[in-house]
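**Student:** Sharing target.txt below, compact mmCIF, C-alpha atoms and all ligand atoms:
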# COMPACT_ATOMS: atom_id res chain seq x y z
CA MET A 10 6.63 32.49 29.58
CA ALA A 11 9.32 34.76 30.99
CA ALA A 12 6.85 37.32 32.28
CA LEU A 13 8.44 40.73 32.69
CA LEU A 14 5.82 42.01 35.07
CA PRO A 15 4.73 40.03 38.13
CA GLN A 16 1.56 38.10 37.24
CA GLU A 17 0.35 38.36 40.83
CA ARG A 18 0.26 42.16 40.51
CA ILE A 19 -1.90 41.79 37.42
CA GLU A 20 -4.24 39.50 39.33
CA LEU A 21 -4.37 41.90 42.27
CA HIS A 22 -5.17 44.78 39.90
CA ASN A 23 -7.86 42.72 38.16
CA GLY A 24 -9.28 41.41 41.43
CA LYS A 25 -10.14 44.93 42.58
CA ARG A 26 -12.04 45.62 39.36
CA LEU A 27 -13.60 42.29 38.53
CA ASP A 28 -16.97 42.67 40.34
CA GLY A 29 -17.69 46.02 38.74
CA LEU A 30 -16.58 44.85 35.34
CA GLN A 31 -18.65 41.69 35.50
CA GLU A 32 -21.69 43.76 36.34
CA GLU A 33 -21.08 46.01 33.33
CA TYR A 34 -20.39 43.01 31.09
CA GLN A 35 -23.58 41.24 32.15
CA GLY A 36 -25.62 44.42 31.70
CA LEU A 37 -24.25 44.85 28.19
CA GLY A 38 -24.84 41.15 27.57
CA ARG A 39 -28.55 41.60 28.38
CA THR A 40 -28.82 44.62 26.06
CA LEU A 41 -27.13 42.77 23.22
CA ALA A 42 -29.20 39.63 23.82
CA GLN A 43 -32.32 41.72 23.11
CA ARG A 44 -30.80 42.37 19.69
CA GLY A 45 -30.10 38.67 19.19
CA ILE A 46 -26.37 39.03 19.82
CA ASP A 47 -24.47 36.61 22.06
CA ILE A 48 -21.90 38.68 23.97
CA ALA A 49 -19.77 35.61 24.67
CA ALA A 50 -19.41 34.99 20.92
CA ILE A 51 -18.27 38.59 20.40
CA LYS A 52 -15.77 38.22 23.24
CA ARG A 53 -14.40 35.03 21.69
CA LYS A 54 -13.86 36.78 18.35
CA VAL A 55 -12.17 39.75 20.02
CA ALA A 56 -9.93 37.35 21.97
CA ALA A 57 -8.87 35.67 18.71
CA PHE A 58 -7.94 39.00 17.09
CA SER A 59 -4.36 40.25 17.07
CA VAL A 60 -2.30 43.06 15.62
CA ALA A 61 1.48 43.30 15.27
CA ILE A 62 3.57 46.10 16.72
CA PRO A 63 6.62 47.40 14.94
CA SER A 64 9.89 47.38 16.85
CA TRP A 65 10.48 51.03 15.98
CA CYS A 66 7.31 52.18 17.77
CA LEU A 67 8.78 51.50 21.21
CA THR A 68 11.11 54.48 21.22
CA THR A 69 9.77 58.01 21.10
CA GLY A 70 9.30 59.22 17.56
CA GLY A 71 9.84 62.74 16.45
CA THR A 72 9.47 65.14 13.61
CA ARG A 73 12.05 66.69 11.34
CA PHE A 74 12.20 69.49 13.91
CA GLY A 75 13.32 67.33 16.77
CA ARG A 76 12.78 64.45 19.12
CA PHE A 77 12.11 64.43 22.83
CA PRO A 78 13.35 61.12 24.28
CA ILE A 79 11.96 59.95 27.62
CA PRO A 80 14.08 58.48 30.41
CA GLY A 81 14.02 54.71 30.34
CA GLU A 82 13.10 54.27 26.71
CA PRO A 83 14.73 51.30 24.96
CA THR A 84 18.23 51.78 23.61
CA ASN A 85 18.62 48.57 21.61
CA LEU A 86 16.64 45.76 20.03
CA SER A 87 16.60 43.58 23.16
CA GLU A 88 15.11 46.42 25.16
CA ARG A 89 12.60 47.16 22.42
CA LEU A 90 11.54 43.51 22.57
CA GLN A 91 11.18 43.74 26.35
CA ASP A 92 8.82 46.69 25.96
CA CYS A 93 6.88 44.81 23.26
CA ALA A 94 6.54 41.94 25.73
CA VAL A 95 5.15 44.32 28.36
CA VAL A 96 2.58 45.63 25.89
CA GLN A 97 1.57 42.08 25.03
CA GLN A 98 1.54 40.92 28.65
CA LEU A 99 -0.98 43.55 29.70
CA CYS A 100 -3.15 43.94 26.58
CA ARG A 101 -2.91 40.40 25.10
CA ILE A 102 -3.60 41.25 21.45
CA THR A 103 -0.10 42.16 20.25
CA PRO A 104 1.79 38.84 20.18
CA ARG A 105 3.97 39.62 17.16
CA VAL A 106 6.69 42.14 16.41
CA SER A 107 7.38 43.57 12.99
CA THR A 108 11.08 44.16 12.42
CA HIS A 109 12.80 46.70 10.27
CA PHE A 110 16.20 46.39 8.67
CA PRO A 111 18.81 47.65 9.13
CA TRP A 112 17.45 49.30 12.30
CA ASP A 113 16.99 45.86 13.89
CA ARG A 114 20.13 44.37 12.42
CA THR A 115 21.35 41.28 14.21
CA SER A 116 24.24 38.98 13.54
CA ASP A 117 22.23 36.02 14.76
CA PRO A 118 18.55 35.99 13.70
CA VAL A 119 18.06 32.50 15.16
CA ALA A 120 19.15 33.74 18.59
CA LEU A 121 16.87 36.75 18.16
CA LYS A 122 13.95 34.45 17.43
CA GLU A 123 14.71 32.51 20.61
CA GLU A 124 15.04 35.69 22.63
CA ALA A 125 11.61 36.81 21.41
CA ALA A 126 10.07 33.38 22.00
CA ALA A 127 11.30 33.49 25.61
CA LEU A 128 9.30 36.72 25.94
CA ASP A 129 6.28 35.01 24.38
CA LEU A 130 6.65 37.02 21.16
CA GLY A 131 6.75 35.97 17.53
CA PHE A 132 7.66 37.89 14.39
CA ASP A 133 5.44 39.46 11.81
CA ALA A 134 6.35 41.00 8.42
CA VAL A 135 9.92 42.23 7.93
CA ASN A 136 10.31 45.75 6.61
CA SER A 137 13.07 46.85 4.26
CA ASN A 138 14.57 50.33 4.34
CA THR A 139 15.89 51.97 1.21
CA PHE A 140 14.71 55.45 2.13
CA GLN A 141 17.93 56.46 3.88
CA ASP A 142 21.61 55.77 3.31
CA GLN A 143 23.48 53.54 5.73
CA PRO A 144 27.09 54.13 6.75
CA GLY A 145 29.49 52.58 4.28
CA GLN A 146 26.99 51.70 1.59
CA GLU A 147 28.23 52.01 -1.96
CA ALA A 148 25.44 53.74 -3.85
CA SER A 149 23.23 56.52 -2.46
CA TYR A 150 19.43 56.51 -2.37
CA LYS A 151 19.29 60.29 -2.63
CA TYR A 152 17.65 60.08 -6.05
CA GLY A 153 15.79 56.84 -5.48
CA SER A 154 16.26 53.19 -4.62
CA LEU A 155 14.24 50.49 -6.39
CA THR A 156 13.33 53.03 -9.07
CA ALA A 157 16.60 54.97 -9.26
CA SER A 158 18.01 55.78 -12.66
CA ASP A 159 21.38 54.68 -11.21
CA GLN A 160 21.59 50.94 -11.77
CA LYS A 161 23.98 50.48 -8.82
CA ALA A 162 21.44 52.01 -6.43
CA ARG A 163 18.72 49.75 -7.81
CA GLU A 164 20.86 46.62 -7.49
CA GLN A 165 21.82 47.56 -3.95
CA ALA A 166 18.16 48.13 -3.00
CA VAL A 167 17.13 44.80 -4.53
CA ALA A 168 19.95 42.99 -2.68
CA HIS A 169 18.88 44.61 0.60
CA ASN A 170 15.28 43.43 0.15
CA ILE A 171 16.48 39.90 -0.61
CA ASP A 172 18.65 40.09 2.51
CA CYS A 173 15.53 41.06 4.51
CA ILE A 174 13.75 37.95 3.20
CA GLU A 175 16.71 35.79 4.30
CA ILE A 176 16.68 37.28 7.81
CA GLY A 177 12.89 37.02 7.95
CA LYS A 178 13.00 33.33 7.08
CA LYS A 179 15.17 32.72 10.13
CA LEU A 180 12.87 34.79 12.31
CA GLY A 181 9.79 32.87 11.23
CA ALA A 182 8.29 35.83 9.36
CA GLU A 183 6.12 35.19 6.32
CA ALA A 184 5.92 38.57 4.64
CA LEU A 185 8.10 41.38 3.36
CA THR A 186 6.69 44.89 3.45
CA VAL A 187 8.18 47.23 0.88
CA TRP A 188 7.74 50.94 1.18
CA ILE A 189 10.01 53.23 -0.81
CA GLY A 190 10.48 56.95 -0.47
CA ASP A 191 11.20 57.20 -4.19
CA GLY A 192 9.69 60.10 -6.06
CA THR A 193 10.42 63.62 -7.21
CA ASN A 194 10.35 67.16 -5.88
CA PHE A 195 10.38 68.93 -9.25
CA PRO A 196 8.25 68.68 -12.38
CA GLY A 197 10.35 67.06 -15.06
CA GLN A 198 12.79 65.51 -12.58
CA GLN A 199 11.99 61.97 -13.71
CA SER A 200 9.68 60.19 -16.11
CA PHE A 201 6.65 58.83 -14.22
CA LYS A 202 6.45 55.83 -16.52
CA ALA A 203 10.17 55.00 -16.59
CA SER A 204 10.31 55.20 -12.77
CA PHE A 205 7.41 52.78 -12.46
CA ASP A 206 8.95 50.47 -15.07
CA ARG A 207 12.14 50.35 -13.01
CA TYR A 208 10.06 49.65 -9.89
CA MET A 209 8.50 46.67 -11.63
CA GLU A 210 11.86 45.40 -12.81
CA SER A 211 13.36 45.66 -9.31
CA THR A 212 10.40 44.25 -7.40
CA ALA A 213 10.15 41.30 -9.83
CA GLN A 214 13.68 40.32 -8.79
CA ILE A 215 12.72 40.52 -5.11
CA TYR A 216 9.48 38.64 -5.77
CA ALA A 217 11.46 35.81 -7.38
CA HIS A 218 13.21 35.25 -4.02
CA LEU A 219 10.02 34.91 -1.96
CA PRO A 220 9.57 31.52 -0.30
CA ALA A 221 6.40 29.65 -1.33
CA ASN A 222 4.40 30.64 1.75
CA TRP A 223 5.50 34.31 1.76
CA ARG A 224 3.71 37.45 0.74
CA MET A 225 5.13 40.70 -0.55
CA LEU A 226 3.19 43.70 0.74
CA LEU A 227 3.44 46.88 -1.29
CA GLU A 228 2.83 50.01 0.76
CA HIS A 229 1.81 53.12 -1.12
CA LYS A 230 2.04 56.71 0.08
CA ILE A 231 0.88 59.87 -1.59
CA CYS A 232 3.85 62.03 -0.61
CA GLU A 233 6.77 62.48 1.78
CA PRO A 234 9.71 62.50 1.55
CA ALA A 235 9.07 63.27 -2.14
CA PHE A 236 6.56 66.10 -2.44
CA TYR A 237 5.87 66.53 -6.16
CA SER A 238 5.34 62.89 -7.10
CA THR A 239 5.77 59.51 -5.46
CA VAL A 240 6.35 56.41 -7.57
CA ILE A 241 3.86 54.24 -5.62
CA SER A 242 1.51 57.04 -4.68
CA ASP A 243 -1.90 55.45 -4.31
CA TRP A 244 -3.82 52.18 -4.17
CA GLY A 245 -4.36 52.15 -7.92
CA THR A 246 -0.63 52.20 -8.64
CA SER A 247 -0.05 49.70 -5.85
CA LEU A 248 -2.72 47.38 -7.25
CA MET A 249 -1.25 47.66 -10.75
CA ALA A 250 2.14 46.60 -9.37
CA ALA A 251 0.77 43.80 -7.17
CA THR A 252 -1.29 42.40 -10.04
CA GLU A 253 1.65 42.43 -12.40
CA LEU A 254 3.96 40.78 -9.85
CA GLY A 255 1.70 37.83 -9.15
CA PRO A 256 -0.39 36.09 -6.48
CA LYS A 257 2.13 36.50 -3.65
CA ALA A 258 2.06 40.29 -3.99
CA ALA A 259 -0.67 42.36 -2.37
CA CYS A 260 -1.37 45.95 -1.35
CA LEU A 261 -0.82 47.33 2.11
CA VAL A 262 -3.01 50.20 3.20
CA ASP A 263 -1.60 52.62 5.77
CA LEU A 264 -4.33 54.84 7.13
CA GLY A 265 -2.23 58.00 6.88
CA HIS A 266 -0.91 57.53 3.35
CA HIS A 267 -3.73 59.09 1.37
CA ALA A 268 -4.86 62.49 0.21
CA PRO A 269 -7.03 64.26 2.81
CA ASN A 270 -10.62 63.00 3.03
CA VAL A 271 -10.04 59.95 0.84
CA ASN A 272 -12.58 57.22 1.60
CA ILE A 273 -10.22 54.58 2.98
CA GLU A 274 -12.95 52.10 3.89
CA GLN A 275 -13.96 52.03 0.24
CA ILE A 276 -10.36 51.21 -0.73
CA VAL A 277 -10.48 48.27 1.70
CA ALA A 278 -13.63 46.96 0.01
CA MET A 279 -12.23 47.39 -3.50
CA LEU A 280 -8.92 45.70 -2.75
CA ASN A 281 -10.71 42.82 -1.06
CA ARG A 282 -12.88 42.41 -4.15
CA VAL A 283 -9.80 41.37 -6.13
CA GLY A 284 -8.11 39.52 -3.25
CA LYS A 285 -5.33 42.09 -3.00
CA LEU A 286 -5.72 43.54 0.49
CA GLY A 287 -2.50 42.18 1.96
CA GLY A 288 -2.16 44.30 5.05
CA PHE A 289 -3.25 47.31 7.03
CA HIS A 290 -1.23 49.80 9.09
CA PHE A 291 -3.23 51.41 11.87
CA ASN A 292 -2.67 54.97 13.03
CA ASP A 293 -4.64 58.19 12.81
CA SER A 294 -4.23 61.52 11.13
CA LYS A 295 -5.69 64.99 10.89
CA TYR A 296 -3.67 66.45 8.02
CA GLY A 297 -1.33 63.92 6.43
CA ASP A 298 0.85 61.04 7.49
CA ASP A 299 0.63 62.25 11.07
CA ASP A 300 1.14 58.79 12.61
CA LEU A 301 -1.03 59.70 15.60
CA ASP A 302 -2.48 56.99 17.83
CA ALA A 303 -5.09 54.78 16.16
CA GLY A 304 -8.58 56.05 16.88
CA ALA A 305 -7.32 59.23 18.58
CA ILE A 306 -8.69 61.66 15.98
CA ASN A 307 -11.35 59.82 14.05
CA PRO A 308 -12.59 56.68 15.81
CA HIS A 309 -15.62 56.61 13.54
CA GLN A 310 -13.43 56.18 10.47
CA LEU A 311 -11.65 53.31 12.23
CA PHE A 312 -15.04 51.70 12.86
CA LEU A 313 -16.05 52.11 9.21
CA ILE A 314 -12.77 50.51 8.13
CA PHE A 315 -13.44 47.57 10.44
CA ASN A 316 -16.95 47.32 9.07
CA GLU A 317 -15.38 46.68 5.65
CA LEU A 318 -12.74 44.35 7.11
CA VAL A 319 -15.44 42.27 8.81
CA GLU A 320 -17.50 42.23 5.64
CA SER A 321 -14.41 41.27 3.63
CA ARG A 322 -13.82 38.34 5.94
CA LEU A 323 -17.44 37.23 5.63
CA SER A 324 -17.16 37.33 1.85
CA ASN A 325 -13.82 35.52 1.81
CA PRO A 326 -13.64 33.51 5.04
CA ILE A 327 -10.75 31.27 3.98
CA THR A 328 -8.46 33.50 1.96
CA PHE A 329 -8.97 36.86 3.71
CA ASN A 330 -6.00 37.18 6.04
CA PRO A 331 -4.47 40.66 6.00
CA ALA A 332 -1.39 41.45 8.08
CA TYR A 333 -2.51 43.96 10.70
CA MET A 334 0.08 46.25 12.25
CA ILE A 335 0.12 49.42 14.34
CA ASP A 336 2.28 52.05 12.67
CA GLU A 337 2.48 55.13 14.85
CA SER A 338 4.98 57.73 15.97
CA HIS A 339 4.78 58.58 19.66
CA ASN A 340 6.14 62.04 20.13
CA LEU A 341 4.52 63.11 23.40
CA THR A 342 3.41 59.98 25.21
CA ASP A 343 5.14 56.93 26.63
CA PRO A 344 5.15 54.57 23.61
CA VAL A 345 3.97 51.63 25.73
CA GLU A 346 0.95 53.60 26.97
CA SER A 347 0.12 54.75 23.44
CA LEU A 348 0.26 51.16 22.21
CA PHE A 349 -2.19 50.14 24.94
CA ALA A 350 -4.51 52.93 23.78
CA ALA A 351 -4.13 51.95 20.12
CA ALA A 352 -4.72 48.27 20.83
CA GLU A 353 -7.88 49.20 22.75
CA ALA A 354 -9.12 51.48 19.96
CA ILE A 355 -8.45 48.87 17.26
CA ALA A 356 -10.01 45.98 19.17
CA GLY A 357 -12.92 48.26 20.08
CA ALA A 358 -13.55 49.21 16.46
CA TYR A 359 -13.44 45.53 15.56
CA ALA A 360 -15.87 44.59 18.36
CA ARG A 361 -18.32 47.30 17.29
CA ALA A 362 -18.11 46.16 13.66
CA LEU A 363 -19.01 42.66 14.85
CA LEU A 364 -22.18 44.06 16.44
CA ILE A 365 -23.60 45.33 13.14
CA ASP A 366 -26.82 43.58 12.22
CA ARG A 367 -25.75 42.51 8.73
CA GLU A 368 -29.11 41.09 7.79
CA ALA A 369 -30.86 44.34 8.64
CA LEU A 370 -28.15 46.23 6.77
CA LYS A 371 -28.60 44.10 3.68
CA ALA A 372 -32.39 44.40 3.79
CA ALA A 373 -32.13 48.19 4.10
CA ARG A 374 -29.69 48.33 1.21
CA ASP A 375 -31.82 46.09 -0.98
CA GLY A 376 -34.87 48.19 -0.26
CA ASN A 377 -33.01 51.50 -0.63
CA ASP A 378 -33.94 52.40 2.93
CA VAL A 379 -31.11 54.83 3.41
CA MET A 380 -31.91 55.80 6.97
CA MET A 381 -32.20 52.22 8.19
CA ALA A 382 -28.93 51.27 6.51
CA PHE A 383 -27.21 54.17 8.23
CA ARG A 384 -28.87 53.28 11.54
CA ALA A 385 -27.63 49.67 11.31
CA LEU A 386 -24.09 51.04 11.44
CA ARG A 387 -24.75 53.79 13.95
CA ARG A 388 -26.52 51.44 16.35
CA ALA A 389 -23.39 49.28 16.57
CA TYR A 390 -21.04 52.26 16.73
CA ASN A 391 -22.90 53.69 19.71
CA VAL A 392 -22.29 50.63 21.90
CA ASP A 393 -19.63 51.01 24.60
CA VAL A 394 -17.68 47.77 24.14
CA THR A 395 -15.06 48.41 26.83
CA PRO A 396 -16.44 45.70 29.19
CA ILE A 397 -16.05 43.12 26.39
CA LEU A 398 -12.46 44.18 25.73
CA ALA A 399 -11.55 44.21 29.42
CA MET A 400 -13.10 40.80 30.08
CA ALA A 401 -11.31 39.33 27.05
CA ARG A 402 -8.00 40.76 28.29
CA ILE A 403 -8.51 39.43 31.79
CA ALA A 404 -9.46 35.97 30.52
CA ALA A 405 -6.21 35.93 28.51
CA GLY A 406 -4.12 36.91 31.55
CA GLY A 407 -3.88 40.62 30.77
CA ALA A 408 -4.85 43.66 32.79
CA ALA A 409 -8.27 45.24 33.27
CA ASP A 410 -6.70 48.67 32.73
CA PRO A 411 -3.22 48.33 31.18
CA VAL A 412 -2.27 52.02 31.38
CA VAL A 413 -3.14 52.32 35.06
CA LEU A 414 -1.34 49.10 36.00
CA PHE A 415 1.71 50.01 33.89
CA ARG A 416 2.02 53.23 35.88
CA GLU A 417 1.42 51.51 39.22
CA LEU A 418 4.22 49.07 38.50
CA GLY A 419 6.69 51.88 37.83
CA TYR A 420 8.18 50.01 34.86
CA ARG A 421 9.46 53.09 33.08
CA LYS A 422 10.98 54.54 36.24
CA GLN A 423 12.91 51.32 36.87
CA LYS A 424 14.13 51.28 33.30
CA ALA A 425 15.18 54.93 33.54
CA SER A 426 18.02 53.97 35.86
CA ALA A 427 18.76 50.57 34.30
CA ARG A 428 18.92 51.87 30.74
CA LYS A 429 20.58 55.20 31.39
CA THR A 430 24.13 54.11 30.70
CA ALA A 431 23.15 52.39 27.50
CA ALA A 432 21.29 55.52 26.39
CA ILE A 433 24.31 57.72 27.01
CA GLU A 434 26.53 55.31 25.12
CA ALA A 435 24.12 55.23 22.21
CA GLY A 436 24.01 59.02 22.18
CA ILE A 437 20.25 59.03 22.82
CA ILE A 438 20.49 61.29 25.88
MN MN B 501 3.08 52.24 7.34
If you convert what's in this file into structure tokens, what do you get?
**Tutor:**
Amino acid sequence: MAALLPQERIELHNGKRLDGLQEEYQGLGRTLAQRGIDIAAIKRKVAAFSVAIPSWCLTTGGTRFGRFPIPGEPTNLSERLQDCAVVQQLCRITPRVSTHFPWDRTSDPVALKEEAAALDLGFDAVNSNTFQDQPGQEASYKYGSLTASDQKAREQAVAHNIDCIEIGKKLGAEALTVWIGDGTNFPGQQSFKASFDRYMESTAQIYAHLPANWRMLLEHKICEPAFYSTVISDWGTSLMAATELGPKAACLVDLGHHAPNVNIEQIVAMLNRVGKLGGFHFNDSKYGDDDLDAGAINPHQLFLIFNELVESRLSNPITFNPAYMIDESHNLTDPVESLFAAAEAIAGAYARALLIDREALKAARDGNDVMMAFRALRRAYNVDVTPILAMARIAAGGAADPVVLFRELGYRKQKASARKTAAIEAGII
């Protein structure tokens, strides 16, 4: 592996913390053993878990009011990959990158795959983009893409998605994620039914191009950029489309893409019931599609989602294999640090969900013992799993405390001078 950060510095960092951590880990191990839980088994499961990071998460995000770039942020795809590699090197659960086209356009996908492999990274789902116009494109997506009433716009959007599959094949990806911004801002602007019919017609053409081992993940979103209606607005519409398309199509749930207070963990359970939970995008929100760091606002919700994910896997151990990805916008923090925090929150929610006494939960449910059912969840949620996560990271070659080590190594400061020229050229600063 072409490690970007010196491994000996990671070992030095870990060495200073190992005694204390081991003590905490063993203490927790004794507590869990009293509950009949083998801490080593939990650590093994956490170590086997992974989540993809999208290439676009490595630069600072923004809002429609503005963006505040930080010195040293990546200015091109190679630099975004480098930062992904740093995230993976220190936290060890983000080995794959999800690309987005045309933002990650490359003339040589095979070379890109090799470049990533040299950084110990692979590729996850490819994402198409028909929610904004690209320079020189023939038809505009102003009034829609896959669902546009303009046939030229639809054909162009279909061709772009097929192009994404072709690039993805060369990258070693096995899924295409389709999210469209299509919808309306005015009552009467379009027919709900006709728009959905056109969506089905367009996506069927894309579906026909999927390789045998590929999946097509349909991402719904209640609103934004369209604010009166969105063509694929909720999981029901998404499920209707995925069912009609066929077995390779499944629904992708993004935590921020629902009406406020919607019970997202229940959606997970329902989609799993029909084998249509294809993927999950992790982030957090307070009001809408806020794209805040996973677990930052409502870690309990994240835990409840993982409770359903763990249960889904238990009910479908062979076929349950959703594509997990972090989908956040980092407006105030260093994206690398936020991704460390998100990875920790996600792995932590998973570890806690693994601690749930499922037999006790089932018995309480069967006997309508409401309080005991609730306590089975709460008991697991209350456990501080950080020693398990840290020990799993260290065992995999990562850092005990990725954020602290990342700062100590001065990575961003070094990049601030190295990447400055490129940033000026790209018009980023
Ligand atoms: Mn998403």
**Student:** So the first atom is CA of Leu370 (chain A) and the second is CA of Asp293 (chain A); what is the distance between them in Å, to one decimal place?
**Tutor:**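 Separation between CA of Leu370 (chain A) and CA of Asp293 (chain A): 27.1 Å.
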**Student:** Looking at all atoms listed in the file, which of A:Gly197, A:Ser247, A:Leu363, A:Arg224 is the one that sits closest to Ile48 (chain A)?
**Tutor:**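 Nearest to Ile48 (chain A): A:Leu363.
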**Student:** Give as a ChimeraX atom specification every residue, naming chains and numbers as the document does, that has an atom within 12 Å of (1.8, 50.9, -8.0), counting only C-alpha atoms.
**Tutor:** /A:156,187-189,191,201-202,204-209,212,226-231,239-254,258-261
**Student:** I want to know what sits within 7 Å of Val262 (chain A), based on only C-alpha atoms, with residues of the same chain fewer than 3 positions away left out; could you give that as a PyMOL selection string?
**Tutor:** chain A and resi 228+288-290
**Student:** What gap, in Å, lies between CA of Ser59 (chain A) and CA of Ile102 (chain A)?
**Tutor:**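 Answer for the CA of Ser59 (chain A) to CA of Ile102 (chain A) separation: 4.6 Å.
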**Student:** When you draw a straight line from CA of Ala350 (chain A) to CA of Leu13 (chain A), how long is it in Å?
**Tutor:**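 One can read the CA of Ala350 (chain A) to CA of Leu13 (chain A) distance as 19.9 Å.
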**Student:** Residues within 10 Å of Tyr359 (chain A), please, as a compact mmCIF listing (two decimals) with C-alpha atoms, keeping the file's coordinate frame. Count only C-alpha atoms; anything in the same chain fewer than 2 positions from it doesn't count.
**Tutor:**
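Once everything was written out, this is out14.txt:
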# COMPACT_ATOMS: atom_id res chain seq x y z
CA ILE A 51 -18.27 38.59 20.40
CA LYS A 54 -13.86 36.78 18.35
CA VAL A 55 -12.17 39.75 20.02
CA PHE A 58 -7.94 39.00 17.09
CA LEU A 311 -11.65 53.31 12.23
CA PHE A 312 -15.04 51.70 12.86
CA LEU A 313 -16.05 52.11 9.21
CA ILE A 314 -12.77 50.51 8.13
CA PHE A 315 -13.44 47.57 10.44
CA ASN A 316 -16.95 47.32 9.07
CA LEU A 318 -12.74 44.35 7.11
CA VAL A 319 -15.44 42.27 8.81
CA GLU A 353 -7.88 49.20 22.75
CA ALA A 354 -9.12 51.48 19.96
CA ILE A 355 -8.45 48.87 17.26
CA ALA A 356 -10.01 45.98 19.17
CA GLY A 357 -12.92 48.26 20.08
CA ARG A 361 -18.32 47.30 17.29
CA ALA A 362 -18.11 46.16 13.66
CA LEU A 363 -19.01 42.66 14.85
CA LEU A 364 -22.18 44.06 16.44
CA VAL A 394 -17.68 47.77 24.14
**Student:** Of the residues A:His267, A:Arg39, A:Lys151, A:Lys424, which is the one nearest to ligand MN 501 (chain B), using all atoms listed in the file?
**Tutor:** A:His267
**Student:** Return the single residue from A:Ile79, A:Asp133, A:Lys179, A:Tyr237 that is closest to Pro220 (chain A), with distances computed using only C-alpha atoms.
**Tutor:** A:Lys179
